[in-house]
>>> print(open('protein_3.csv').read())   # CSV, C-alpha atoms
chain,number,residue,atom,x,y,z
A,1369,MET,CA,4.6,-7.9,23.6
A,1370,THR,CA,4.3,-4.1,23.6
A,1371,ARG,CA,7.0,-1.7,24.5
A,1372,ARG,CA,6.8,0.6,27.5
A,1373,ALA,CA,5.7,4.1,26.7
A,1374,ARG,CA,7.4,7.2,28.1
A,1375,SER,CA,5.5,10.1,29.3
A,1376,SER,CA,7.7,12.6,27.5
A,1377,LEU,CA,9.9,12.7,24.4
A,1378,PRO,CA,13.4,12.0,25.7
A,1379,PRO,CA,14.9,10.8,22.4
A,1380,LEU,CA,13.9,14.1,20.8
A,1381,ASN,CA,14.7,17.6,22.0
A,1382,ARG,CA,11.2,18.5,23.3
A,1383,ALA,CA,11.3,22.1,22.2
A,1384,GLU,CA,12.3,21.0,18.7
A,1385,ALA,CA,9.8,18.2,18.6
A,1386,LEU,CA,6.9,20.5,19.4
A,1387,ARG,CA,7.2,22.6,16.3
A,1388,PRO,CA,4.1,24.6,15.3
A,1389,GLU,CA,2.5,21.7,13.4
A,1390,ARG,CA,3.1,19.4,16.4
A,1391,GLN,CA,1.7,22.1,18.8
A,1392,ARG,CA,-1.4,22.3,16.7
A,1393,ASP,CA,-1.8,18.6,16.9
A,1394,LEU,CA,-1.6,18.4,20.6
A,1395,ALA,CA,-3.6,21.6,21.2
A,1396,GLY,CA,-6.3,20.1,19.1
A,1397,LEU,CA,-6.8,17.2,21.5
A,1398,SER,CA,-8.9,19.2,23.9
A,1399,PRO,CA,-10.5,22.3,22.2
A,1400,ALA,CA,-12.5,24.6,24.5
A,1401,GLY,CA,-16.2,24.0,24.2
A,1402,GLY,CA,-18.0,21.1,22.7
A,1403,PHE,CA,-18.5,18.4,25.4
A,1404,VAL,CA,-18.7,14.9,23.9
A,1405,ASP,CA,-20.4,12.1,25.7
A,1406,GLY,CA,-17.7,9.5,25.3
A,1407,PRO,CA,-13.9,9.0,25.0
A,1408,LEU,CA,-12.2,10.3,22.0
A,1409,ILE,CA,-9.3,8.8,20.0
A,1410,HIS,CA,-6.9,11.4,18.4
A,1411,VAL,CA,-4.2,10.6,15.8
A,1412,THR,CA,-1.6,13.2,15.4
A,1413,SER,CA,0.3,14.0,12.2
A,1414,LEU,CA,3.2,12.1,13.7
A,1415,LEU,CA,0.9,8.9,13.9
A,1416,GLU,CA,0.7,9.0,17.7
A,1417,ASN,CA,-2.6,8.0,19.2
A,1418,TYR,CA,-4.1,9.7,22.3
A,1419,ILE,CA,-7.2,8.9,24.4
A,1420,GLU,CA,-9.1,11.9,25.6
A,1421,VAL,CA,-11.9,11.9,28.2
A,1422,ARG,CA,-13.4,15.4,28.5
A,1423,LEU,CA,-14.6,16.7,31.8
A,1424,GLU,CA,-17.8,18.6,32.2
A,1425,GLU,CA,-18.7,21.3,34.8
A,1426,ASP,CA,-22.0,23.0,34.8
A,1427,SER,CA,-22.6,21.6,31.3
A,1428,GLU,CA,-19.4,23.3,30.0
A,1429,TYR,CA,-16.1,21.9,29.0
A,1430,ALA,CA,-13.8,21.9,32.1
A,1431,GLY,CA,-10.6,20.0,30.9
A,1432,SER,CA,-9.5,16.6,29.8
A,1433,PHE,CA,-7.8,13.5,30.9
A,1434,ILE,CA,-5.2,12.6,28.2
A,1435,ALA,CA,-3.6,9.1,27.9
A,1436,GLY,CA,-0.9,8.4,25.4
A,1437,PRO,CA,1.0,8.4,23.1
A,1438,SER,CA,0.8,5.0,21.5
A,1439,LEU,CA,0.9,3.5,18.0
A,1440,TYR,CA,-1.3,1.1,16.2
A,1441,GLY,CA,1.7,-0.8,15.0
A,1442,SER,CA,5.4,-0.5,14.2
A,1443,VAL,CA,6.1,2.4,11.9
A,1444,PRO,CA,8.2,1.4,8.8
A,1445,GLU,CA,11.6,3.1,8.4
A,1446,LYS,CA,10.5,4.7,5.1
A,1447,ILE,CA,7.5,6.4,6.9
A,1448,ILE,CA,9.7,7.6,9.7
A,1449,ASN,CA,12.2,9.0,7.2
A,1450,GLY,CA,9.3,10.8,5.4
A,1451,ILE,CA,8.1,12.3,8.7
A,1452,GLY,CA,11.7,13.4,9.4
A,1453,GLU,CA,11.8,15.2,6.0
A,1454,ASP,CA,8.4,16.9,6.8
A,1455,MET,CA,9.7,18.0,10.2
A,1456,LYS,CA,13.0,19.1,8.6
A,1457,ARG,CA,14.9,16.9,11.1
A,1458,THR,CA,18.4,15.9,10.3
A,1459,ASP,CA,18.8,13.4,13.2
A,1460,LYS,CA,16.6,10.5,11.8
A,1461,ALA,CA,18.1,8.1,14.3
A,1462,ALA,CA,16.7,10.1,17.2
A,1463,LEU,CA,13.3,10.0,15.6
A,1464,GLN,CA,13.6,6.3,15.1
A,1465,ARG,CA,14.4,5.8,18.8
A,1466,TYR,CA,11.4,7.9,19.7
A,1467,TYR,CA,9.1,5.6,17.7
A,1468,ASP,CA,10.9,2.5,19.0
A,1469,ASN,CA,10.0,3.6,22.6
A,1470,LEU,CA,6.3,4.1,22.0
A,1471,THR,CA,3.8,1.5,23.2
A,1472,ILE,CA,2.1,-0.5,20.4
A,1473,ILE,CA,-1.7,-0.8,21.1
A,1474,PRO,CA,-3.8,-2.2,18.2
A,1475,GLN,CA,-6.9,-0.2,17.4
A,1476,LYS,CA,-9.4,-2.5,19.1
A,1477,ARG,CA,-7.4,-2.7,22.3
A,1478,LEU,CA,-7.1,1.1,22.3
A,1479,LEU,CA,-10.8,1.4,22.1
A,1480,HIS,CA,-11.2,-0.9,25.0
A,1481,ALA,CA,-8.6,1.1,27.0
A,1482,ALA,CA,-10.6,4.3,26.2
A,1483,ALA,CA,-13.8,2.6,27.5
A,1484,LEU,CA,-12.0,1.7,30.7
A,1485,LEU,CA,-10.7,5.2,31.2
A,1486,TYR,CA,-14.2,6.6,30.6
A,1487,TYR,CA,-15.6,4.1,33.1
A,1488,LEU,CA,-13.0,5.1,35.7
A,1489,VAL,CA,-14.0,8.8,35.3
A,1490,TYR,CA,-17.7,8.6,35.0
A,1491,GLY,CA,-18.7,5.1,36.1
A,1492,LYS,CA,-20.5,4.5,32.9
A,1493,ARG,CA,-20.0,1.5,30.7
A,1494,LEU,CA,-19.7,1.9,26.9
A,1495,ASP,CA,-19.0,-0.6,24.2
A,1496,ILE,CA,-16.5,0.1,21.4
A,1497,THR,CA,-19.4,0.7,18.9
A,1498,GLN,CA,-20.6,3.6,21.0
A,1499,ILE,CA,-17.0,5.0,21.1
A,1500,ARG,CA,-16.7,4.8,17.3
A,1501,LEU,CA,-20.0,6.7,17.0
A,1502,ALA,CA,-18.8,9.3,19.5
A,1503,ASN,CA,-15.6,9.9,17.5
A,1504,GLY,CA,-17.5,10.1,14.3
A,1505,SER,CA,-19.6,13.0,15.7
A,1506,VAL,CA,-16.7,15.1,16.8
A,1507,GLU,CA,-15.5,16.4,13.5
A,1508,THR,CA,-17.6,18.9,11.6
A,1509,PRO,CA,-17.7,17.8,8.0
A,1510,PHE,CA,-16.2,20.1,5.5
A,1511,ARG,CA,-19.1,21.2,3.4
A,1512,ILE,CA,-18.5,22.2,-0.2
A,1513,SER,CA,-22.0,21.6,-1.7
A,1514,ASP,CA,-22.5,25.2,-2.5
A,1515,GLN,CA,-19.1,25.4,-4.1
A,1516,ILE,CA,-19.8,22.3,-6.2
A,1517,ASP,CA,-23.0,23.9,-7.7
A,1518,ILE,CA,-21.1,27.2,-8.4
A,1519,GLU,CA,-18.2,25.3,-10.1
A,1520,VAL,CA,-20.6,23.2,-12.2
A,1521,SER,CA,-22.5,26.3,-13.3
A,1522,ASP,CA,-19.2,28.0,-14.3
A,1523,ARG,CA,-18.1,25.0,-16.3
A,1524,LEU,CA,-21.5,24.8,-18.1
A,1525,ASN,CA,-21.3,28.5,-18.9
A,1526,ASN,CA,-17.8,28.3,-20.3
A,1527,ASP,CA,-18.2,25.0,-22.1
A,1528,SER,CA,-15.3,23.5,-20.1
A,1529,LEU,CA,-16.8,20.2,-19.2
A,1530,HIS,CA,-14.8,17.3,-17.8
A,1531,HIS,CA,-13.7,14.6,-20.3
A,1532,ASP,CA,-16.2,12.1,-21.6
A,1533,ARG,CA,-16.2,9.1,-19.2
A,1534,VAL,CA,-16.5,6.8,-22.2
A,1535,TYR,CA,-12.8,7.4,-23.0
A,1536,GLU,CA,-11.7,6.7,-19.5
A,1537,MET,CA,-13.8,3.5,-19.4
A,1538,ARG,CA,-12.3,2.3,-22.7
A,1539,LEU,CA,-8.8,2.9,-21.5
A,1540,MET,CA,-9.4,1.0,-18.3
A,1541,GLU,CA,-11.1,-1.8,-20.3
A,1542,LEU,CA,-8.0,-2.1,-22.5
A,1543,ILE,CA,-5.8,-2.4,-19.4
A,1544,LYS,CA,-8.1,-5.0,-17.9
A,1545,GLU,CA,-7.9,-7.0,-21.1
A,1546,GLY,CA,-4.1,-6.7,-21.3
A,1547,ARG,CA,-4.1,-4.9,-24.7
A,1548,ASP,CA,-0.9,-3.0,-24.0
A,1549,VAL,CA,-0.3,-2.0,-27.6
A,1550,GLU,CA,-3.7,-0.4,-27.9
A,1551,VAL,CA,-3.2,1.4,-24.5
A,1552,ALA,CA,0.1,2.8,-25.9
A,1553,ARG,CA,-1.7,3.9,-29.0
A,1554,GLU,CA,-4.4,5.7,-27.0
A,1555,LEU,CA,-1.7,7.5,-25.0
A,1556,SER,CA,0.5,8.4,-27.9
A,1557,ILE,CA,-0.9,11.9,-28.2
A,1558,GLY,CA,0.4,14.7,-25.9
A,1559,PHE,CA,-0.6,15.1,-22.3
A,1560,ALA,CA,-4.3,16.0,-22.1
A,1561,THR,CA,-5.0,19.3,-20.5
A,1562,GLU,CA,-8.7,19.7,-21.4
A,1563,GLY,CA,-11.5,18.1,-19.6
A,1564,VAL,CA,-9.5,17.0,-16.6
A,1565,GLY,CA,-10.5,19.6,-14.0
A,1566,THR,CA,-8.2,21.5,-11.7
A,1567,LEU,CA,-6.6,19.3,-9.1
A,1568,SER,CA,-4.4,22.1,-7.6
A,1569,LYS,CA,-5.0,25.8,-7.8
A,1570,ARG,CA,-1.5,26.8,-6.7
A,1571,SER,CA,0.8,24.6,-8.8
A,1572,HIS,CA,0.5,23.2,-12.4
A,1573,LEU,CA,3.1,20.6,-11.6
A,1574,ARG,CA,1.1,19.5,-8.5
A,1575,HIS,CA,-2.1,19.4,-10.6
A,1576,LEU,CA,-0.4,17.0,-13.1
A,1577,LYS,CA,1.0,14.9,-10.3
A,1578,ASN,CA,-2.4,14.6,-8.7
A,1579,LEU,CA,-3.9,13.7,-12.1
A,1580,ALA,CA,-1.3,11.0,-12.7
A,1581,ILE,CA,-1.8,9.5,-9.2
A,1582,ALA,CA,-5.5,9.4,-9.8
A,1583,GLY,CA,-5.0,7.7,-13.1
A,1584,ILE,CA,-2.6,5.1,-11.7
A,1585,SER,CA,-5.0,4.4,-8.8
A,1586,ILE,CA,-7.8,3.6,-11.2
A,1587,ALA,CA,-5.5,1.6,-13.5
A,1588,THR,CA,-4.3,-0.5,-10.5
A,1589,ARG,CA,-7.9,-1.6,-9.9
A,1590,ALA,CA,-8.4,-2.3,-13.6
A,1591,ALA,CA,-5.2,-4.5,-13.7
A,1592,MET,CA,-6.4,-6.5,-10.6
A,1593,ASP,CA,-9.7,-7.0,-12.3
A,1594,GLY,CA,-7.7,-8.3,-15.3
A,1595,GLY,CA,-6.0,-10.9,-13.1
A,1596,VAL,CA,-2.8,-9.2,-11.9
A,1597,HIS,CA,-1.9,-10.3,-8.4
A,1598,PRO,CA,-2.9,-7.6,-5.9
A,1599,GLU,CA,0.5,-7.5,-4.3
A,1600,ILE,CA,2.1,-6.9,-7.7
A,1601,ALA,CA,-0.5,-4.3,-8.7
A,1602,TYR,CA,-0.2,-2.4,-5.4
A,1603,THR,CA,3.6,-2.5,-5.4
A,1604,MET,CA,3.7,-1.2,-9.0
A,1605,SER,CA,1.3,1.6,-7.9
A,1606,ASP,CA,3.4,2.5,-4.9
A,1607,LEU,CA,6.6,2.6,-6.9
A,1608,TYR,CA,5.2,4.7,-9.8
A,1609,ILE,CA,3.6,7.2,-7.4
A,1610,GLN,CA,6.8,7.5,-5.4
A,1611,GLN,CA,8.7,8.1,-8.6
A,1612,ILE,CA,6.2,10.8,-9.7
A,1613,GLU,CA,6.4,12.6,-6.4
A,1614,GLU,CA,10.1,13.1,-6.9
A,1615,MET,CA,9.8,14.6,-10.4
A,1616,HIS,CA,10.1,18.3,-11.2
A,1617,LYS,CA,9.0,18.6,-14.8
A,1618,PRO,CA,5.5,18.2,-16.3
A,1619,LYS,CA,6.9,16.1,-19.2
A,1620,GLU,CA,8.5,13.6,-16.8
A,1621,VAL,CA,5.1,13.2,-15.0
A,1622,ASP,CA,3.3,12.7,-18.3
A,1623,LYS,CA,5.8,10.0,-19.4
A,1624,ALA,CA,5.8,8.2,-16.0
A,1625,MET,CA,2.0,8.0,-16.0
A,1626,LYS,CA,1.9,6.6,-19.6
A,1627,GLN,CA,4.6,4.1,-18.7
A,1628,ALA,CA,2.6,3.0,-15.7
A,1629,LEU,CA,-0.7,2.4,-17.6
A,1630,ILE,CA,1.1,0.5,-20.4
A,1631,GLU,CA,3.0,-1.6,-17.8
A,1632,PHE,CA,-0.3,-2.5,-16.0
A,1633,ALA,CA,-1.7,-3.7,-19.3
A,1634,SER,CA,1.4,-5.7,-20.1
A,1635,ARG,CA,1.2,-7.4,-16.7
A,1636,VAL,CA,-2.4,-8.4,-17.4
A,1637,LYS,CA,-1.3,-9.7,-20.8
A,1638,GLU,CA,1.5,-11.8,-19.2
A,1639,GLY,CA,-1.0,-13.2,-16.7
A,1640,ILE,CA,-3.5,-14.1,-19.5
A,1641,GLU,CA,-0.8,-15.9,-21.4
A,1642,ASP,CA,0.3,-17.8,-18.3
A,1643,HIS,CA,-3.2,-18.6,-16.8
A,1644,VAL,CA,-4.7,-20.3,-19.8
A,1645,SER,CA,-8.3,-21.4,-19.5
A,1646,GLY,CA,-8.7,-24.1,-16.9
A,1647,SER,CA,-10.6,-25.2,-13.8
A,1648,GLY,CA,-11.0,-23.1,-10.7
A,1649,ALA,CA,-8.9,-25.6,-8.8
A,1650,VAL,CA,-5.8,-25.1,-11.1
A,1651,SER,CA,-6.2,-21.3,-10.9
A,1652,THR,CA,-6.4,-21.5,-7.1
A,1653,CYS,CA,-3.2,-23.6,-7.0
A,1654,LYS,CA,-1.4,-21.1,-9.2
A,1655,ARG,CA,-2.4,-18.2,-6.9
A,1656,TYR,CA,-1.3,-20.1,-3.8
A,1657,ILE,CA,2.0,-21.0,-5.4
A,1658,PHE,CA,2.7,-17.4,-6.3
A,1659,ASN,CA,1.8,-16.3,-2.7
A,1660,HIS,CA,4.1,-19.0,-1.2
A,1661,LEU,CA,7.2,-19.0,-3.4
A,1662,TYR,CA,9.2,-18.2,-0.3
A,1663,GLY,CA,7.5,-20.8,1.8
A,1664,GLU,CA,6.9,-24.6,1.9
A,1665,LEU,CA,4.9,-25.9,-1.1
A,1666,SER,CA,3.7,-29.5,-1.3
A,1667,LEU,CA,1.2,-31.6,-3.2
A,1668,GLU,CA,-0.5,-32.4,0.0
A,1669,THR,CA,-1.0,-28.8,0.9
A,1670,LEU,CA,-2.4,-27.9,-2.6
A,1671,SER,CA,-4.7,-30.9,-2.7
A,1672,GLY,CA,-6.1,-30.0,0.7
A,1673,LEU,CA,-6.5,-26.4,-0.5
A,1674,VAL,CA,-8.8,-27.4,-3.3
A,1675,HIS,CA,-10.3,-30.5,-1.6
A,1676,MET,CA,-9.1,-33.0,-4.2
A,1677,ASN,CA,-7.3,-36.3,-4.1
A,1678,SER,CA,-3.6,-35.5,-4.7
A,1679,SER,CA,-3.3,-38.0,-7.6
A,1680,TYR,CA,-6.3,-36.5,-9.3
A,1681,LEU,CA,-5.0,-32.9,-8.8
A,1682,SER,CA,-1.7,-33.9,-10.3
A,1683,ARG,CA,-3.3,-35.3,-13.4
A,1684,LEU,CA,-5.7,-32.3,-13.7
A,1685,PHE,CA,-2.9,-29.8,-13.4
A,1686,LYS,CA,-0.7,-31.6,-16.0
A,1687,LYS,CA,-3.7,-31.8,-18.4
A,1688,GLU,CA,-4.5,-28.1,-18.2
A,1689,THR,CA,-1.0,-26.6,-18.1
A,1690,GLY,CA,1.1,-29.2,-19.8
A,1691,MET,CA,3.4,-29.2,-16.7
A,1692,SER,CA,3.5,-31.3,-13.6
A,1693,LEU,CA,3.0,-29.4,-10.3
A,1694,THR,CA,6.6,-30.0,-9.4
A,1695,ASP,CA,7.9,-28.6,-12.7
A,1696,TYR,CA,5.5,-25.6,-12.4
A,1697,ILE,CA,6.7,-24.8,-8.9
A,1698,GLN,CA,10.3,-25.1,-10.0
A,1699,SER,CA,9.9,-22.9,-13.0
A,1700,LYS,CA,8.2,-20.1,-10.9
A,1701,ARG,CA,10.9,-20.3,-8.3
A,1702,VAL,CA,13.5,-20.0,-11.0
A,1703,ASP,CA,11.7,-17.0,-12.4
A,1704,GLU,CA,11.8,-15.4,-8.9
A,1705,ALA,CA,15.5,-16.3,-8.6
A,1706,LYS,CA,16.2,-14.5,-11.8
A,1707,LYS,CA,14.7,-11.3,-10.4
A,1708,LEU,CA,16.8,-11.6,-7.3
A,1709,LEU,CA,20.0,-12.3,-9.3
A,1710,ALA,CA,19.3,-9.3,-11.6
A,1711,LEU,CA,18.0,-6.8,-9.1
A,1712,THR,CA,19.8,-7.6,-5.8
A,1713,SER,CA,23.3,-8.4,-4.6
A,1714,LEU,CA,22.1,-11.4,-2.6
A,1715,SER,CA,24.5,-14.4,-2.6
A,1716,LEU,CA,23.5,-17.7,-4.2
A,1717,SER,CA,23.2,-19.3,-0.8
A,1718,ASP,CA,20.8,-16.5,0.3
A,1719,ILE,CA,18.7,-16.9,-2.8
A,1720,TYR,CA,18.4,-20.7,-2.8
A,1721,SER,CA,17.6,-20.8,0.9
A,1722,ARG,CA,14.9,-18.1,0.6
A,1723,LEU,CA,13.3,-20.1,-2.2
A,1724,HIS,CA,13.4,-23.4,-0.3
A,1725,PHE,CA,15.9,-25.3,-2.4
A,1726,ASN,CA,17.6,-28.0,-0.5
A,1727,ASP,CA,21.2,-27.0,-1.3
A,1728,GLN,CA,23.2,-25.0,-3.7
A,1729,SER,CA,24.0,-27.9,-6.1
A,1730,TYR,CA,20.4,-28.7,-6.4
A,1731,PHE,CA,19.5,-25.1,-6.9
A,1732,ILE,CA,22.1,-24.8,-9.7
A,1733,LYS,CA,20.8,-28.0,-11.4
A,1734,VAL,CA,17.1,-26.8,-11.3
A,1735,PHE,CA,18.1,-23.3,-12.4
A,1736,LYS,CA,20.1,-24.6,-15.4
A,1737,LYS,CA,17.1,-26.8,-16.4
A,1738,TRP,CA,14.8,-23.8,-16.8
A,1739,ALA,CA,17.2,-21.0,-17.6
A,1740,GLY,CA,19.7,-22.8,-19.8
A,1741,MET,CA,22.6,-21.5,-17.8
A,1742,THR,CA,23.9,-21.4,-14.2
A,1743,PRO,CA,22.8,-18.7,-11.8
A,1744,ARG,CA,26.2,-17.1,-11.8
A,1745,GLN,CA,26.3,-17.1,-15.7
A,1746,TYR,CA,22.8,-15.5,-15.6
A,1747,ARG,CA,23.9,-12.8,-13.2
A,1748,ASN,CA,27.0,-12.0,-15.2
A,1749,ASP,CA,25.1,-11.8,-18.5
A,1750,ILE,CA,22.3,-9.6,-17.2
A,1751,LYS,CA,24.8,-7.1,-15.8
A,1752,LYS,CA,26.9,-6.8,-18.9
>>> encode(input="protein_3.csv", output="C-alpha cells")
Amino acid sequence: MTRRARSSLPPLNRAEALRPERQRDLAGLSPAGGFVDGPLIHVTSLLENYIEVRLEEDSEYAGSFIAGPSLYGSVPEKIINGIGEDMKRTDKAALQRYYDNLTIIPQKRLLHAAALLYYLVYGKRLDITQIRLANGSVETPFRISDQIDIEVSDRLNNDSLHHDRVYEMRLMELIKEGRDVEVARELSIGFATEGVGTLSKRSHLRHLKNLAIAGISIATRAAMDGGVHPEIAYTMSDLYIQQIEEMHKPKEVDKAMKQALIEFASRVKEGIEDHVSGSGAVSTCKRYIFNHLYGELSLETLSGLVHMNSSYLSRLFKKETGMSLTDYIQSKRVDEAKKLLALTSLSLSDIYSRLHFNDQSYFIKVFKKWAGMTPRQYRNDIKK
C-alpha cells in the first residue's frame, strides 16, 4: 500500500526547503525550448520523482504538466540523514516526516502513470519502452573526447603515463586467490603517487579518497570472484568507503585502503579453507545455509534445492565436509551468534530467537558444544 502524497511540503518550511540547489532541481523540470515527444521522468537531488508532459504551441515549448513528487521506494534513515547534512538541516525529524508522506510508486508503475498522463493530454498511446527512449534523448551527453586526446598527448610528452595494468591485475589476482600475506607485501611500500592519474584537481585529499574508493570497488569484485559471498563483499566495501569519507589525513586514507585490500584477500582465504573441494550440490547447500541463517533450514528444503534424495544428500555432505548437515548448520549459527554477542548488546533471548533455536537452554547447549563455553562466558571474555 502506498502512502498519500501531498501537493506541497508541509513538514518542511517551504522557503527553507527550496534552497538554491532545490530550486535548480525544480526549475530544471521544464526548461524553455526543446520539445520532446513523450513524457519525461525527472529525479531531483532529494530523490523525488516527477512526471513532466511538455506542451507544444506552434512547434515551440509552451509549458508543462507536472505530476509528483513520489519515490521509487522507502528512503533509508541513513540516506535521509545524509541529505539533511547536504542541505545543512538541523531538524532531521521534519525531513523524515516529509519522506514518510511521499507516495511510493515503483519505477515501472511510474512509467505507466506517465504514459497515462501523456494519453490524457495528447490522446496518443505509448509503451514504456518508448518512454525510456524519450528520456534517454533528453540529456545532452557531456563530451570530453577532445579533452581526452589532449590529456593523453600531454602525458606522452611528459612521460607521466598511468601505472602498468599488469601490477593492478596481479594485485587483484592475489586477492581473488586469498593470498593475504602477499597482498600485504605488495602494499608494504608507501602510497603510490605516480601513474595513478589525477582524480581531483582541487583537493589532494579528495584525489586520494577517489583513488582508494576505486581500488576498493575493484577489490570487491575480485573478492567475489574468489568466492566471498556478495553480501559480505558489498558490506565490507560500504563500510570501508564510509570510513574513508570521514578521514581528514592522506596517511589515514592510505592505511584504510591497504587494510581493505588485505581484508578482502583474508575473507577469500577463509572461504577457500571452509569450502574445500566438493560437488556443486554441497557448495549450493552451503551458500543457501549462509543466506538463511536467520530463517528456517531443513534437510527437506536443501534436498529439494539440489534435486536429491535427502538421505543421499546427507551422506554426500558428510563425506565431503566431515560434518552432518545438522552439525554444519549448528556450527554456522553459533559462528553468527558469536558475532552478535561480540558486536551488539542483544539479549540471549533475542539472539537465539533470531537464529531459530527452540529455546534458551537448547541454544546454550549447542553454543557450548561448538564454542567450549556458554554464550554469557563468551560475551564476558570477548569484552575484557
>>> residues_around(input="protein_3.csv", residues="Asp1718 (chain A)", least_positions_apart="2", cutoff="12 Å", atoms="only C-alpha atoms", output="ChimeraX atom specification")
/A:1662,1705,1708-1709,1712-1716,1720-1728,1731
>>> residues_around(input="protein_3.csv", residues="Ser1682 (chain A)", least_positions_apart="5", cutoff="12 Å", atoms="only C-alpha atoms", output="compact mmCIF listing (two decimals) with C-alpha atoms, in the coordinates of the input")
# COMPACT_ATOMS: atom_id res chain seq x y z
CA ALA A 1649 -8.90 -25.60 -8.80
CA VAL A 1650 -5.80 -25.10 -11.10
CA CYS A 1653 -3.20 -23.60 -7.00
CA SER A 1666 3.70 -29.50 -1.30
CA LEU A 1667 1.20 -31.60 -3.20
CA GLU A 1668 -0.50 -32.40 0.00
CA LEU A 1670 -2.40 -27.90 -2.60
CA SER A 1671 -4.70 -30.90 -2.70
CA VAL A 1674 -8.80 -27.40 -3.30
CA MET A 1676 -9.10 -33.00 -4.20
CA ASN A 1677 -7.30 -36.30 -4.10
CA LYS A 1687 -3.70 -31.80 -18.40
CA GLU A 1688 -4.50 -28.10 -18.20
CA THR A 1689 -1.00 -26.60 -18.10
CA GLY A 1690 1.10 -29.20 -19.80
CA MET A 1691 3.40 -29.20 -16.70
CA SER A 1692 3.50 -31.30 -13.60
CA LEU A 1693 3.00 -29.40 -10.30
CA THR A 1694 6.60 -30.00 -9.40
CA ASP A 1695 7.90 -28.60 -12.70
CA TYR A 1696 5.50 -25.60 -12.40
>>> closest_residue(input="protein_3.csv", among="A:Glu1445, A:Asp1593, A:Glu1599, A:Asp1548", to="Ile1630 (chain A)", atoms="all atoms listed in the file")
A:Asp1548
>>> closest_residue(input="protein_3.csv", among="A:Ala1710, A:Ala1590, A:Ala1482, A:Ile1451", to="Gln1498 (chain A)", atoms="all atoms listed in the file")
A:Ala1482
>>> closest_residue(input="protein_3.csv", among="A:Ile1612, A:Thr1669, A:Leu1414, A:Ala1628", to="Glu1453 (chain A)", atoms="only C-alpha atoms")
A:Leu1414
>>> atom_distance(input="protein_3.csv", atom1="CA of Val1551 (chain A)", atom2="CA of Leu1629 (chain A)")
7.4 Å
>>> atom_distance(input="protein_3.csv", atom1="CA of Met1615 (chain A)", atom2="CA of Ile1447 (chain A)")
19.3 Å
>>> residues_near_point(input="protein_3.csv", point="(-7.8, 7.8, 28.8)", cutoff="6 Å", atoms="only C-alpha atoms", output="list in words")
Ile1419, Glu1420, Val1421, Ile1434, Ala1435, Ala1482 and Leu1485 of chain A
>>> closest_residue(input="protein_3.csv", among="A:His1575, A:Lys1700, A:Arg1422, A:Lys1733", to="Tyr1486 (chain A)", atoms="all atoms listed in the file")
A:Arg1422
>>> atom_distance(input="protein_3.csv", atom1="CA of Gly1546 (chain A)", atom2="CA of Ala1580 (chain A)")
19.9 Å
>>> build_atoms(input="protein_3.csv", residues="region 1663-1674 of chain A", atoms="N, CA and C atoms", output="PDB file, in the coordinates of the input")
ATOM      1  N   GLY A1663       7.887 -19.959   0.730  1.00  0.00           N
ATOM      2  CA  GLY A1663       7.500 -20.800   1.800  1.00  0.00           C
ATOM      3  C   GLY A1663       7.463 -22.293   1.357  1.00  0.00           C
ATOM      4  N   GLU A1664       6.979 -23.137   2.228  1.00  0.00           N
ATOM      5  CA  GLU A1664       6.900 -24.600   1.900  1.00  0.00           C
ATOM      6  C   GLU A1664       5.703 -24.782   0.934  1.00  0.00           C
ATOM      7  N   LEU A1665       5.935 -25.554  -0.096  1.00  0.00           N
ATOM      8  CA  LEU A1665       4.900 -25.900  -1.100  1.00  0.00           C
ATOM      9  C   LEU A1665       4.931 -27.430  -1.256  1.00  0.00           C
ATOM     10  N   SER A1666       3.780 -28.046  -1.123  1.00  0.00           N
ATOM     11  CA  SER A1666       3.700 -29.500  -1.300  1.00  0.00           C
ATOM     12  C   SER A1666       2.418 -29.884  -1.964  1.00  0.00           C
ATOM     13  N   LEU A1667       2.422 -31.042  -2.584  1.00  0.00           N
ATOM     14  CA  LEU A1667       1.200 -31.600  -3.200  1.00  0.00           C
ATOM     15  C   LEU A1667       0.110 -31.754  -2.234  1.00  0.00           C
ATOM     16  N   GLU A1668       0.473 -32.206  -1.050  1.00  0.00           N
ATOM     17  CA  GLU A1668      -0.500 -32.400   0.000  1.00  0.00           C
ATOM     18  C   GLU A1668      -1.230 -31.142   0.387  1.00  0.00           C
ATOM     19  N   THR A1669      -0.442 -30.080   0.527  1.00  0.00           N
ATOM     20  CA  THR A1669      -1.000 -28.800   0.900  1.00  0.00           C
ATOM     21  C   THR A1669      -1.976 -28.296  -0.188  1.00  0.00           C
ATOM     22  N   LEU A1670      -1.552 -28.400  -1.445  1.00  0.00           N
ATOM     23  CA  LEU A1670      -2.400 -27.900  -2.600  1.00  0.00           C
ATOM     24  C   LEU A1670      -3.639 -28.747  -2.730  1.00  0.00           C
ATOM     25  N   SER A1671      -3.527 -30.050  -2.585  1.00  0.00           N
ATOM     26  CA  SER A1671      -4.700 -30.900  -2.700  1.00  0.00           C
ATOM     27  C   SER A1671      -5.709 -30.633  -1.612  1.00  0.00           C
ATOM     28  N   GLY A1672      -5.194 -30.367  -0.403  1.00  0.00           N
ATOM     29  CA  GLY A1672      -6.100 -30.000   0.700  1.00  0.00           C
ATOM     30  C   GLY A1672      -6.755 -28.670   0.457  1.00  0.00           C
ATOM     31  N   LEU A1673      -6.026 -27.754  -0.180  1.00  0.00           N
ATOM     32  CA  LEU A1673      -6.500 -26.400  -0.500  1.00  0.00           C
ATOM     33  C   LEU A1673      -7.764 -26.472  -1.374  1.00  0.00           C
ATOM     34  N   VAL A1674      -7.727 -27.349  -2.370  1.00  0.00           N
ATOM     35  CA  VAL A1674      -8.800 -27.400  -3.300  1.00  0.00           C
ATOM     36  C   VAL A1674      -9.721 -28.648  -3.105  1.00  0.00           C
TER      37      VAL A1674
END
